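Peer 1: Input structure: run_15.cif, which contains mmCIF, C-alpha atoms.
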```
data_start
#
loop_
_atom_site.label_atom_id
_atom_site.label_comp_id
_atom_site.auth_asym_id
_atom_site.auth_seq_id
_atom_site.Cartn_x
_atom_site.Cartn_y
_atom_site.Cartn_z
CA MET A 1 17.14 19.19 37.06
CA ARG A 2 18.89 21.54 34.63
CA ALA A 3 22.20 19.74 35.15
CA ALA A 4 20.53 16.43 34.42
CA TRP A 5 18.99 17.42 31.09
CA LEU A 6 22.15 19.27 30.02
CA ALA A 7 24.22 16.18 30.71
CA LEU A 8 21.85 14.12 28.58
CA ILE A 9 22.11 16.57 25.70
CA LEU A 10 25.89 16.64 25.83
CA ALA A 11 25.92 12.85 25.75
CA ALA A 12 23.58 12.89 22.75
CA ILE A 13 25.80 15.15 20.67
CA ALA A 14 28.91 13.29 21.90
CA ALA A 15 31.88 14.51 23.85
CA VAL A 16 34.92 15.76 21.94
CA GLU A 17 38.62 15.89 22.60
CA ALA A 18 38.59 19.23 24.44
CA CYS A 19 35.52 20.47 26.23
CA GLY A 20 35.22 22.76 29.20
CA GLY A 21 33.44 25.65 30.83
CA SER A 22 36.57 27.72 31.44
CA ASP A 23 38.14 30.22 29.05
CA PRO A 24 40.50 28.23 26.77
CA SER A 25 42.85 31.22 26.63
CA GLY A 26 43.14 31.09 30.40
CA ASP A 27 42.40 34.78 30.93
CA GLY A 28 39.86 35.84 28.33
CA ALA A 29 42.62 37.49 26.31
CA ARG A 30 41.53 39.72 23.48
CA GLY A 31 41.46 37.90 20.15
CA PHE A 32 40.38 34.51 21.49
CA ALA A 33 36.95 32.97 22.01
CA ARG A 34 35.35 33.72 25.35
CA PRO A 35 32.83 31.19 26.72
CA LEU A 36 29.27 32.33 27.24
CA SER A 37 28.60 32.94 30.91
CA SER A 38 25.20 31.30 30.85
CA ASP A 39 23.70 28.45 32.83
CA VAL A 40 21.53 27.44 29.86
CA CYS A 41 24.42 26.72 27.48
CA SER A 42 26.68 23.71 27.18
CA PRO A 43 30.36 24.07 28.01
CA LEU A 44 32.52 25.55 25.29
CA THR A 45 33.58 22.80 22.90
CA THR A 46 36.61 22.79 20.61
CA VAL A 47 39.08 20.27 19.14
CA GLY A 48 42.85 20.33 18.98
CA GLY A 49 45.43 22.37 20.78
CA ASP A 50 44.85 25.76 19.17
CA ARG A 51 43.07 28.45 21.11
CA PRO A 52 39.76 29.14 19.35
CA ARG A 53 39.44 32.63 17.92
CA PHE A 54 35.72 32.52 17.19
CA LEU A 55 32.76 31.17 19.15
CA ILE A 56 29.76 29.95 17.14
CA PRO A 57 26.67 29.55 19.35
CA LEU A 58 23.83 27.25 18.30
CA ILE A 59 20.41 28.00 19.80
CA GLY A 60 17.83 25.23 19.92
CA PRO A 61 15.31 23.36 22.07
CA LEU A 62 17.06 20.88 24.35
CA GLN A 63 14.02 19.94 26.46
CA ASN A 64 10.25 19.79 26.14
CA ALA A 65 8.21 18.86 23.06
CA ILE A 66 10.72 19.28 20.23
CA SER A 67 14.01 18.56 21.96
CA ASP A 68 14.83 15.97 19.30
CA HIS A 69 15.12 18.85 16.81
CA GLY A 70 17.63 20.63 19.01
CA ILE A 71 19.71 17.49 19.49
CA GLN A 72 19.89 16.75 15.76
CA ASN A 73 20.73 20.36 14.94
CA ALA A 74 23.64 20.18 17.38
CA GLN A 75 24.79 16.91 15.84
CA ALA A 76 24.63 18.47 12.38
CA ALA A 77 26.69 21.47 13.46
CA LYS A 78 29.31 19.26 15.07
CA LEU A 79 29.57 17.04 11.97
CA VAL A 80 30.29 20.06 9.76
CA LEU A 81 32.85 21.35 12.25
CA ASP A 82 34.55 17.95 12.22
CA GLU A 83 34.66 18.05 8.42
CA HIS A 84 36.38 21.44 8.60
CA ASP A 85 38.78 20.46 11.42
CA TRP A 86 37.02 22.97 13.67
CA LYS A 87 38.57 25.85 11.77
CA ALA A 88 37.44 28.81 9.69
CA GLY A 89 40.36 29.32 7.36
CA GLY A 90 43.34 28.97 9.66
CA ALA A 91 41.52 30.13 12.80
CA ALA A 92 40.22 27.64 15.34
CA VAL A 93 36.55 27.89 16.29
CA ALA A 94 34.50 26.71 19.26
CA LEU A 95 30.85 25.72 19.68
CA GLN A 96 28.35 26.27 22.47
CA VAL A 97 24.79 24.96 22.38
CA CYS A 98 22.18 27.01 24.24
CA ASP A 99 18.68 25.86 25.15
CA GLU A 100 15.76 28.02 23.97
CA ALA A 101 13.13 25.85 25.69
CA SER A 102 11.97 25.71 29.29
CA ALA A 103 10.22 23.03 31.31
CA GLU A 104 6.88 24.66 30.44
CA GLU A 105 7.46 26.01 26.92
CA TYR A 106 8.87 24.51 23.73
CA SER A 107 10.52 27.92 23.21
CA ASP A 108 10.73 30.59 25.90
CA PRO A 109 10.88 34.16 24.48
CA SER A 110 12.19 35.75 27.70
CA LYS A 111 14.91 33.12 27.93
CA CYS A 112 15.81 33.75 24.29
CA ALA A 113 16.17 37.47 24.96
CA ARG A 114 18.51 36.73 27.88
CA ILE A 115 20.63 34.46 25.71
CA ALA A 116 20.74 37.12 23.00
CA ARG A 117 22.03 39.72 25.46
CA THR A 118 24.82 37.34 26.46
CA LEU A 119 25.72 36.77 22.82
CA ALA A 120 25.66 40.46 21.97
CA ALA A 121 28.10 41.22 24.80
CA ASN A 122 30.59 38.57 23.71
CA PRO A 123 33.05 40.02 21.15
CA SER A 124 34.09 36.57 19.92
CA VAL A 125 30.53 35.93 18.66
CA LEU A 126 30.25 37.20 15.08
CA VAL A 127 27.47 34.89 13.85
CA VAL A 128 24.77 32.82 15.60
CA LEU A 129 23.00 29.66 14.37
CA GLY A 130 19.34 29.16 15.22
CA PRO A 131 17.01 29.34 16.93
CA SER A 132 14.46 26.69 15.95
CA ALA A 133 11.26 28.55 16.87
CA SER A 134 10.04 31.81 15.38
CA VAL A 135 8.98 33.20 18.77
CA CYS A 136 12.57 32.85 19.93
CA ALA A 137 13.87 34.56 16.80
CA GLN A 138 11.44 37.45 17.44
CA SER A 139 13.06 37.94 20.85
CA MET A 140 16.64 37.54 19.69
CA ILE A 141 16.75 39.59 16.50
CA PRO A 142 16.28 43.10 17.99
CA VAL A 143 18.76 42.41 20.82
CA LEU A 144 21.43 41.18 18.41
CA ASN A 145 20.56 44.03 16.05
CA GLU A 146 21.59 46.60 18.67
CA ALA A 147 24.77 44.87 19.85
CA ASP A 148 27.56 47.31 20.79
CA GLY A 149 29.97 45.83 18.26
CA GLY A 150 27.43 46.03 15.47
CA PRO A 151 24.47 43.82 14.45
CA VAL A 152 25.20 40.12 14.91
CA ALA A 153 24.20 37.85 12.01
CA LEU A 154 21.53 35.30 12.93
CA LEU A 155 21.13 32.29 10.61
CA GLY A 156 17.64 30.99 11.39
CA LEU A 157 16.90 27.29 11.01
CA GLY A 158 13.21 26.38 11.29
CA ASN A 159 11.86 29.92 11.69
CA THR A 160 8.95 30.17 9.27
CA TYR A 161 6.97 33.14 10.70
CA LEU A 162 6.65 35.49 7.71
CA GLY A 163 6.89 38.62 9.86
CA LEU A 164 10.57 38.01 10.63
CA THR A 165 11.36 39.32 7.16
CA ARG A 166 8.23 40.54 5.36
CA ALA A 167 4.77 42.00 5.83
CA GLY A 168 1.78 39.89 4.83
CA PRO A 169 -1.19 37.93 6.16
CA GLY A 170 -0.99 37.10 9.84
CA VAL A 171 2.02 39.35 10.44
CA GLU A 172 1.87 41.25 13.73
CA GLN A 173 1.55 45.02 13.57
CA GLY A 174 4.95 46.65 13.27
CA ASP A 175 6.76 43.55 12.04
CA PRO A 176 9.24 43.16 10.53
CA ASP A 177 10.54 46.74 10.90
CA ALA A 178 10.19 46.70 14.70
CA LEU A 179 12.65 43.81 14.85
CA TYR A 180 15.47 45.86 13.31
CA PRO A 181 15.90 49.05 15.38
CA THR A 182 19.17 49.97 13.64
CA GLY A 183 17.58 49.58 10.20
CA THR A 184 20.13 46.88 9.26
CA ARG A 185 18.75 43.43 8.50
CA ASN A 186 20.82 40.94 10.51
CA TYR A 187 18.53 37.90 10.16
CA LEU A 188 18.82 35.39 7.30
CA ARG A 189 16.25 32.64 6.86
CA THR A 190 17.48 29.28 5.57
CA ALA A 191 14.00 27.75 5.11
CA PRO A 192 10.98 28.98 3.12
CA ALA A 193 8.51 31.01 5.18
CA ASP A 194 4.95 30.18 6.22
CA ASP A 195 3.37 31.61 3.08
CA ALA A 196 5.33 29.04 1.05
CA GLN A 197 4.12 26.23 3.33
CA ALA A 198 0.56 27.50 3.03
CA ALA A 199 0.86 27.65 -0.75
CA GLY A 200 2.17 24.08 -0.79
CA ALA A 201 -0.96 22.98 1.09
CA VAL A 202 -3.17 24.87 -1.39
CA ILE A 203 -1.46 23.09 -4.28
CA ALA A 204 -2.10 19.74 -2.55
CA ALA A 205 -5.76 20.70 -1.93
CA LEU A 206 -6.26 21.60 -5.59
CA ASP A 207 -4.67 18.32 -6.67
CA ALA A 208 -7.13 16.52 -4.39
CA GLY A 209 -10.06 18.24 -6.11
CA ALA A 210 -10.99 20.53 -3.23
CA ARG A 211 -13.38 23.43 -3.87
CA VAL A 212 -14.06 25.02 -0.46
CA ALA A 213 -11.32 25.90 2.04
CA TYR A 214 -11.48 26.67 5.75
CA GLY A 215 -8.65 27.78 8.03
CA LEU A 216 -8.25 27.07 11.75
CA HIS A 217 -5.47 28.31 14.01
CA ASP A 218 -4.38 27.89 17.63
CA GLY A 219 -4.07 31.61 18.42
CA THR A 220 -0.27 31.68 18.35
CA THR A 221 1.59 34.10 16.12
CA TYR A 222 2.80 31.15 14.10
CA GLY A 223 -0.63 29.55 13.84
CA LYS A 224 -2.47 32.73 12.88
CA GLY A 225 0.18 33.58 10.32
CA VAL A 226 0.20 30.29 8.47
CA ALA A 227 -3.60 29.84 8.59
CA THR A 228 -4.20 33.37 7.29
CA ALA A 229 -1.67 32.81 4.52
CA PHE A 230 -3.49 29.58 3.59
CA VAL A 231 -6.92 31.18 3.19
CA GLU A 232 -5.51 34.15 1.28
CA THR A 233 -3.57 31.89 -1.07
CA ALA A 234 -6.57 29.56 -1.46
CA ARG A 235 -8.72 32.50 -2.53
CA ARG A 236 -6.05 33.65 -4.96
CA ALA A 237 -5.83 30.13 -6.42
CA GLY A 238 -9.57 30.00 -7.11
CA LEU A 239 -10.88 28.11 -4.09
CA GLU A 240 -13.92 29.37 -2.22
CA VAL A 241 -12.94 30.38 1.32
CA ALA A 242 -15.65 29.51 3.83
CA GLY A 243 -13.98 31.13 6.83
CA ILE A 244 -11.18 31.19 9.35
CA ALA A 245 -11.46 30.67 13.12
CA ALA A 246 -9.38 29.93 16.20
CA TRP A 247 -9.47 26.81 18.33
CA ASP A 248 -8.91 27.02 22.07
CA PRO A 249 -5.97 24.76 23.03
CA ASP A 250 -7.52 24.29 26.49
CA ALA A 251 -10.95 23.14 25.27
CA GLN A 252 -12.17 19.72 26.32
CA ASN A 253 -13.56 19.00 22.86
CA TYR A 254 -14.22 20.66 19.50
CA ARG A 255 -17.48 19.06 18.45
CA ALA A 256 -19.32 22.38 18.10
CA LEU A 257 -16.47 23.92 16.14
CA ALA A 258 -16.23 20.86 13.88
CA GLU A 259 -19.95 20.93 13.17
CA ARG A 260 -19.74 24.64 12.35
CA VAL A 261 -16.94 24.00 9.87
CA ASP A 262 -18.87 21.12 8.32
CA ARG A 263 -21.94 23.29 7.74
CA THR A 264 -19.88 25.54 5.47
CA GLY A 265 -19.31 22.67 3.04
CA ALA A 266 -15.54 22.90 3.45
CA ASP A 267 -13.65 20.02 1.86
CA ALA A 268 -10.12 21.34 2.63
CA VAL A 269 -9.53 22.27 6.29
CA TYR A 270 -6.18 23.71 7.30
CA LEU A 271 -4.92 23.47 10.89
CA GLY A 272 -2.47 26.30 11.42
CA GLY A 273 -0.62 25.85 14.69
CA LEU A 274 1.17 23.37 16.88
CA ALA A 275 0.13 19.78 17.33
CA PHE A 276 0.70 19.86 21.08
CA ASN A 277 -1.90 22.64 21.38
CA ASN A 278 -4.58 19.93 21.57
CA GLY A 279 -4.22 19.12 17.89
CA PRO A 280 -5.05 15.40 18.26
CA ARG A 281 -8.41 16.16 19.91
CA LEU A 282 -9.19 18.73 17.22
CA ILE A 283 -8.46 16.19 14.48
CA TYR A 284 -10.55 13.55 16.22
CA ASP A 285 -13.60 15.80 16.42
CA LEU A 286 -13.18 17.21 12.91
CA ARG A 287 -13.09 13.71 11.44
CA GLY A 288 -16.21 12.86 13.36
CA ALA A 289 -18.14 15.77 11.84
CA LEU A 290 -16.72 16.43 8.36
CA ARG A 291 -17.90 14.76 5.22
CA ARG A 292 -15.85 11.76 4.19
CA ASP A 293 -14.22 13.46 1.21
CA ALA A 294 -12.97 16.40 3.28
CA ALA A 295 -9.18 16.59 3.58
CA LEU A 296 -7.11 17.88 6.50
CA PHE A 297 -3.87 19.81 6.05
CA GLY A 298 -1.31 21.16 8.49
CA PRO A 299 2.11 22.88 8.55
CA ASP A 300 5.35 21.74 10.14
CA GLY A 301 3.89 22.42 13.58
CA PHE A 302 1.93 19.19 13.06
CA ASN A 303 5.02 17.17 12.21
CA GLN A 304 4.52 14.96 15.25
CA PRO A 305 2.89 11.80 13.91
CA THR A 306 3.35 9.80 17.12
CA LEU A 307 1.51 12.41 19.17
CA LEU A 308 -1.26 12.68 16.57
CA VAL A 309 -1.76 8.92 16.27
CA GLU A 310 -1.77 8.42 20.02
CA GLY A 311 -4.39 11.14 20.46
CA ALA A 312 -6.56 10.78 17.34
CA GLY A 313 -6.04 7.14 16.42
CA GLY A 314 -6.99 6.12 12.89
CA ARG A 315 -8.85 9.39 12.34
CA VAL A 316 -5.56 11.14 11.60
CA ASP A 317 -4.91 8.91 8.57
CA GLY A 318 -4.97 10.84 5.32
CA MET A 319 -3.89 14.16 6.84
CA THR A 320 -1.32 16.00 4.70
CA ILE A 321 1.50 17.86 6.45
CA SER A 322 3.93 20.29 4.86
CA LEU A 323 7.55 20.96 5.77
CA SER A 324 9.89 23.69 4.59
CA ALA A 325 12.52 20.95 4.59
CA ALA A 326 12.98 18.06 2.20
CA PRO A 327 13.74 14.46 3.20
CA SER A 328 17.25 13.21 2.54
CA ARG A 329 16.32 11.41 -0.68
CA ALA A 330 14.86 14.59 -2.17
CA LEU A 331 17.97 16.69 -1.51
CA ALA A 332 20.49 17.72 -4.13
CA PRO A 333 23.33 15.17 -4.63
CA ARG A 334 25.73 16.79 -2.17
CA GLY A 335 22.97 17.06 0.43
CA ARG A 336 22.12 13.37 0.02
CA GLU A 337 25.75 12.37 0.52
CA TRP A 338 26.07 14.55 3.60
CA ALA A 339 22.84 13.06 5.01
CA ARG A 340 24.35 9.61 4.54
CA ARG A 341 27.42 10.66 6.56
CA PHE A 342 25.15 12.11 9.23
CA THR A 343 23.28 8.80 9.45
CA ASP A 344 26.49 6.80 9.63
CA ARG A 345 27.85 9.07 12.37
CA TRP A 346 24.78 9.46 14.57
CA GLY A 347 22.72 6.35 13.82
CA ALA A 348 19.62 8.20 12.60
CA ARG A 349 18.66 10.04 9.43
CA PRO A 350 18.64 13.83 9.68
CA CYS A 351 15.11 15.01 10.36
CA CYS A 352 13.33 18.28 9.94
CA TYR A 353 15.82 21.16 9.91
CA ALA A 354 19.03 19.28 10.74
CA VAL A 355 20.34 19.68 7.19
CA HIS A 356 19.59 23.41 7.49
CA ALA A 357 21.72 23.45 10.64
CA GLY A 358 24.56 21.80 8.74
CA GLN A 359 24.15 24.27 5.88
CA ALA A 360 24.09 27.21 8.30
CA MET A 361 27.33 26.04 9.91
CA GLU A 362 28.97 25.80 6.48
CA LEU A 363 27.85 29.37 5.72
CA ALA A 364 29.14 30.60 9.07
CA LEU A 365 32.57 29.02 8.59
CA ASP A 366 32.81 30.40 5.05
CA ALA A 367 31.88 33.91 6.21
CA LEU A 368 34.36 33.82 9.11
CA THR A 369 37.07 32.68 6.71
CA ARG A 370 36.44 35.51 4.25
CA ALA A 371 35.59 38.32 6.68
CA SER A 372 37.94 40.83 8.27
CA GLY A 373 37.18 39.67 11.81
CA ASP A 374 34.29 41.97 12.68
CA ARG A 375 30.53 41.57 12.82
CA ALA A 376 29.76 43.96 9.99
CA SER A 377 31.94 42.15 7.46
CA VAL A 378 30.56 38.72 8.45
CA LEU A 379 26.98 39.96 8.02
CA GLU A 380 27.72 41.60 4.67
CA ILE A 381 29.40 38.48 3.30
CA LEU A 382 26.48 36.29 4.38
CA ARG A 383 23.93 38.63 2.80
CA ARG A 384 25.77 38.58 -0.53
CA MET A 385 26.48 34.84 -0.68
CA GLN A 386 25.56 32.89 -3.80
CA ILE A 387 25.48 29.27 -2.67
CA SER A 388 26.20 26.72 -5.37
CA ASP A 389 26.06 22.98 -4.70
CA GLY A 390 25.20 23.53 -1.05
CA LEU A 391 23.65 20.95 1.25
CA LEU A 392 20.27 22.52 0.39
CA GLY A 393 21.10 23.08 -3.28
CA ASP A 394 21.68 26.39 -5.06
CA PHE A 395 20.31 29.50 -3.36
CA SER A 396 21.00 33.00 -2.10
CA PHE A 397 19.36 35.53 0.22
CA ASP A 398 17.23 38.44 -0.98
CA GLU A 399 17.33 41.97 0.45
CA HIS A 400 14.79 41.02 3.12
CA GLY A 401 16.83 38.09 4.42
CA ASP A 402 14.69 35.38 2.81
CA SER A 403 16.23 32.37 1.12
CA THR A 404 15.44 31.98 -2.58
CA LEU A 405 14.55 28.33 -1.88
CA ARG A 406 10.86 27.62 -2.63
CA GLY A 407 10.64 23.85 -2.13
CA VAL A 408 7.95 22.56 0.25
CA SER A 409 7.73 18.84 0.98
CA LEU A 410 4.35 17.19 1.41
CA TRP A 411 3.77 14.21 3.68
CA ARG A 412 0.72 12.11 4.50
CA ILE A 413 -0.10 10.06 7.56
CA ASP A 414 -1.03 6.56 6.39
CA GLY A 415 -1.48 3.63 8.73
CA GLY A 416 -0.20 5.74 11.60
CA ARG A 417 3.06 6.58 9.85
CA LEU A 418 4.29 9.66 8.02
CA ARG A 419 4.88 8.96 4.32
CA TYR A 420 6.67 11.32 1.94
CA LEU A 421 4.63 12.28 -1.10
CA ARG A 422 6.62 14.84 -3.07
CA THR A 423 8.27 18.24 -2.98
CA VAL A 424 6.53 21.11 -4.74
CA GLU A 425 8.23 24.25 -5.99
CA VAL A 426 5.92 27.09 -4.97
CA PRO A 427 5.53 29.71 -7.71
CA GLU A 428 6.06 33.35 -6.78
CA ARG A 429 2.48 34.23 -7.70
CA LEU A 430 1.12 32.07 -4.87
CA LEU A 431 3.22 33.64 -2.12
CA ALA A 432 1.17 35.86 0.18
CA ARG A 433 4.07 38.10 1.31
CA ARG A 434 4.14 41.81 0.68
#
```
Written as structure tokens, how would this file's structure read?
Peer 2:
Amino acid sequence: MRAAWLALILAAIAAVEACGGSDPSGDGARGFARPLSSDVCSPLTTVGGDRPRFLIPLIGPLQNAISDHGIQNAQAAKLVLDEHDWKAGGAAVALQVCDEASAEEYSDPSKCARIARTLAANPSVLVVLGPSASVCAQSMIPVLNEADGGPVALLGLGNTYLGLTRAGPGVEQGDPDALYPTGTRNYLRTAPADDAQAAGAVIAALDAGARVAYGLHDGTTYGKGVATAFVETARRAGLEVAGIAAWDPDAQNYRALAERVDRTGADAVYLGGLAFNNGPRLIYDLRGALRRDAALFGPDGFNQPTLLVEGAGGRVDGMTISLSAAPSRALAPRGREWARRFTDRWGARPCCYAVHAGQAMELALDALTRASGDRASVLEILRRMQISDGLLGDFSFDEHGDSTLRGVSLWRIDGGRLRYLRTVEVPERLLARR
């Protein structure tokens, strides 16, 4: 089964001129890239006749609910490598794509920890791209932080859990400090965190004339974090907060919960969590109980319109969903042009965090070009980067590892389809981080 899905993924990101599972140096010689000895990673991929010096791993979901994200991220990374002739400066580089998902889970933390140990032990790995899920990043960061050759830089893609970098609402006890046992921050976030997404939803609720907010979450770290950030930000913005509660993903229905929320008078209900945690049934029952002027909001975990429409039918229409990623047409000029090349190459527009994957690969290649060939120098260069005219625009990273980007895109489901509304720049005063 594993061989079958891996073959499909490799076909999706396209074969290249030189691809194989053996060491391209022939003997694992010092100074050349060494393939990851893992049965959950693609074969090592490179182009041209030069032995690759560096290996850049990309971690993403290649099966289960969000495998399309992993495929597009891999396509984005490969496009950037093609544009740079698969080199960082004059040194050839190689790519391996590793699967963070399992047959049962969209992201498997224990699997992520195993992958991280493999990466940490490979001296040709100086920087890692991904993963896509915050729970995977939680597992990978501390392992990479304690690597024998020094902390390995991790450029996160769609990781929005606030506790990866900062304290704040919904952050688990001990985070983020527990993730960095050496005291050195080796994680850099390319997308705004959950408190920015929550603030974007509050702005949309205020624009819709809402007065009373209610938060629901699915019990996951991600869900609790973003829902808690929403209610705290709503209160700060002047909305009355009627409450916050969890929904049971295994429940047969949510009629009692929906009626309880309706009795509070809430006219802005936020669903913090993942759509495949019975989100369609929750939406169906909420719409059946809430007053007609009540609005539903959700984070990027609900960016699955097909699933929602199939499960909730027309009752999902009008729901507003936020993303810490902008659509191609809302990107800066260089990002729009790159998205056009991505579409021409792969036959589909880059979705979700694919542009972030392309941006992360550009950062990795730049850092490898400028660094002195060790993990510490790569990490330091990345932390100090001032990106101008990047695929995501102009930004840098703060001392916590957060991007200075604050744009949150808002989308609405209308007629069963997701329609882009606008991108809001979240002001610092609305961020719930501490």
Peer 1: Translate the PyMOL selection byres ((chain A and resi 64) around 12), as applied to the file shown, into an explicit residue set as a ChimeraX atom specification.
Peer 2: /A:5,60-63,65-71,99-108,276
Peer 1: Got a sec: who's within 8 Å of region 191-193 of chain A, counting all atoms listed in the file, leaving out chain neighbours fewer than 5 positions off, as a list in words?
Peer 2: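 Everything that qualifies: Gly156, Leu157, Gly158, Asn159, Thr160, Tyr161, Leu162, Ser324, Ala325, His356, Asp402, Ser403, Thr404, Leu405, Arg406, Gly407 and Val408 of chain A.
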Peer 1: Mind checking which residues fall within 12 Å of region 328-332 of chain A, counting all atoms listed in the file, ignoring those fewer than 2 positions away in the same chain, and posting them as a PDB file with C-alpha atoms, in the coordinates of the input?
Peer 2:
```pdb
ATOM      1  CA  ALA A 325      12.520  20.950   4.590  1.00  0.00           C
ATOM      2  CA  ALA A 326      12.980  18.060   2.200  1.00  0.00           C
ATOM      3  CA  ARG A 334      25.730  16.790  -2.170  1.00  0.00           C
ATOM      4  CA  GLY A 335      22.970  17.060   0.430  1.00  0.00           C
ATOM      5  CA  ARG A 336      22.120  13.370   0.020  1.00  0.00           C
ATOM      6  CA  GLU A 337      25.750  12.370   0.520  1.00  0.00           C
ATOM      7  CA  TRP A 338      26.070  14.550   3.600  1.00  0.00           C
ATOM      8  CA  ALA A 339      22.840  13.060   5.010  1.00  0.00           C
ATOM      9  CA  ARG A 340      24.350   9.610   4.540  1.00  0.00           C
ATOM     10  CA  ARG A 341      27.420  10.660   6.560  1.00  0.00           C
ATOM     11  CA  PHE A 342      25.150  12.110   9.230  1.00  0.00           C
ATOM     12  CA  THR A 343      23.280   8.800   9.450  1.00  0.00           C
ATOM     13  CA  ALA A 348      19.620   8.200  12.600  1.00  0.00           C
ATOM     14  CA  ARG A 349      18.660  10.040   9.430  1.00  0.00           C
ATOM     15  CA  PRO A 350      18.640  13.830   9.680  1.00  0.00           C
ATOM     16  CA  CYS A 351      15.110  15.010  10.360  1.00  0.00           C
ATOM     17  CA  CYS A 352      13.330  18.280   9.940  1.00  0.00           C
ATOM     18  CA  TYR A 353      15.820  21.160   9.910  1.00  0.00           C
ATOM     19  CA  ALA A 354      19.030  19.280  10.740  1.00  0.00           C
ATOM     20  CA  VAL A 355      20.340  19.680   7.190  1.00  0.00           C
ATOM     21  CA  HIS A 356      19.590  23.410   7.490  1.00  0.00           C
ATOM     22  CA  SER A 388      26.200  26.720  -5.370  1.00  0.00           C
ATOM     23  CA  ASP A 389      26.060  22.980  -4.700  1.00  0.00           C
ATOM     24  CA  GLY A 390      25.200  23.530  -1.050  1.00  0.00           C
ATOM     25  CA  LEU A 391      23.650  20.950   1.250  1.00  0.00           C
ATOM     26  CA  LEU A 392      20.270  22.520   0.390  1.00  0.00           C
ATOM     27  CA  GLY A 393      21.100  23.080  -3.280  1.00  0.00           C
ATOM     28  CA  ASP A 394      21.680  26.390  -5.060  1.00  0.00           C
ATOM     29  CA  PHE A 395      20.310  29.500  -3.360  1.00  0.00           C
ATOM     30  CA  GLY A 407      10.640  23.850  -2.130  1.00  0.00           C
ATOM     31  CA  VAL A 408       7.950  22.560   0.250  1.00  0.00           C
ATOM     32  CA  SER A 409       7.730  18.840   0.980  1.00  0.00           C
ATOM     33  CA  LEU A 410       4.350  17.190   1.410  1.00  0.00           C
ATOM     34  CA  TYR A 420       6.670  11.320   1.940  1.00  0.00           C
ATOM     35  CA  LEU A 421       4.630  12.280  -1.100  1.00  0.00           C
ATOM     36  CA  ARG A 422       6.620  14.840  -3.070  1.00  0.00           C
ATOM     37  CA  THR A 423       8.270  18.240  -2.980  1.00  0.00           C
ATOM     38  CA  VAL A 424       6.530  21.110  -4.740  1.00  0.00           C
TER      39      VAL A 424
END
```
Peer 1: Which residue is closest to Val202 (chain A)? Choose from A:Thr221, A:Thr264, A:Thr320, A:Gln173 and count all atoms listed in the file.
Peer 2: A:Thr320
Peer 1: Give as a VMD selection string the residues that the PyMOL selection byres ((chain A and resi 198) around 10) matches when applied to the coordinates above.
Peer 2: chain A and resid 193 to 197 199 to 204 225 to 234 270 272 297 to 299 322 to 323 408 426 430 to 432
Peer 1: I'd like the interatomic distance between CA of Gly347 (chain A) and CA of Ala76 (chain A), to a tenth of an Å.
Peer 2: 12.4 Å
Peer 1: Could you spell out the hits of the PyMOL selection byres ((chain A and resi 127) around 7) on the shown file, as a compact mmCIF listing (two decimals) with C-alpha atoms, keeping the file's coordinate frame?
Peer 2:
```
# COMPACT_ATOMS: atom_id res chain seq x y z
CA ILE A 56 29.76 29.95 17.14
CA VAL A 125 30.53 35.93 18.66
CA LEU A 126 30.25 37.20 15.08
CA VAL A 128 24.77 32.82 15.60
CA LEU A 129 23.00 29.66 14.37
CA VAL A 152 25.20 40.12 14.91
CA ALA A 153 24.20 37.85 12.01
CA LEU A 154 21.53 35.30 12.93
CA ALA A 364 29.14 30.60 9.07
```
Peer 1: Restrict the calculation to all atoms listed in the file, then for each residue of region 178-227 of chain A with any atom at most 9 Å from an atom of region 135-142 of chain A give the closest atom pair and their distance in Å to one decimal, rows by chain and rising residue number, as JSON lines.
Peer 2:
```
{"residue": "A:Ala178", "atom": "CA", "partner": "A:Pro142", "partner_atom": "CA", "distance": 7.8}
{"residue": "A:Leu179", "atom": "CA", "partner": "A:Pro142", "partner_atom": "CA", "distance": 4.9}
{"residue": "A:Tyr180", "atom": "CA", "partner": "A:Pro142", "partner_atom": "CA", "distance": 5.5}
{"residue": "A:Pro181", "atom": "CA", "partner": "A:Pro142", "partner_atom": "CA", "distance": 6.5}
{"residue": "A:Thr182", "atom": "CA", "partner": "A:Pro142", "partner_atom": "CA", "distance": 8.6}
{"residue": "A:Asn186", "atom": "CA", "partner": "A:Ile141", "partner_atom": "CA", "distance": 7.4}
{"residue": "A:Tyr187", "atom": "CA", "partner": "A:Ile141", "partner_atom": "CA", "distance": 6.8}
{"residue": "A:Thr221", "atom": "CA", "partner": "A:Val135", "partner_atom": "CA", "distance": 7.9}
{"residue": "A:Tyr222", "atom": "CA", "partner": "A:Val135", "partner_atom": "CA", "distance": 8.0}
```
Peer 1: Around the point (37.6, 32.9, 19.6) (coordinates from the file), which residues reach within 7 Å if we count only C-alpha atoms? Answer as a compact mmCIF listing (two decimals) with C-alpha atoms, in the frame of the given file.
Peer 2:
```txt
# COMPACT_ATOMS: atom_id res chain seq x y z
CA GLY A 31 41.46 37.90 20.15
CA PHE A 32 40.38 34.51 21.49
CA ALA A 33 36.95 32.97 22.01
CA ARG A 34 35.35 33.72 25.35
CA PRO A 52 39.76 29.14 19.35
CA ARG A 53 39.44 32.63 17.92
CA PHE A 54 35.72 32.52 17.19
CA LEU A 55 32.76 31.17 19.15
CA VAL A 93 36.55 27.89 16.29
CA ALA A 94 34.50 26.71 19.26
CA SER A 124 34.09 36.57 19.92
```
Peer 1: For Gly314 (chain A), which residue out of A:Gly415, A:Pro131, A:Pro57, A:Pro333 is the nearest one, using all atoms listed in the file?
Peer 2: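 Closest to Gly314 (chain A), using all atoms listed in the file: A:Gly415.
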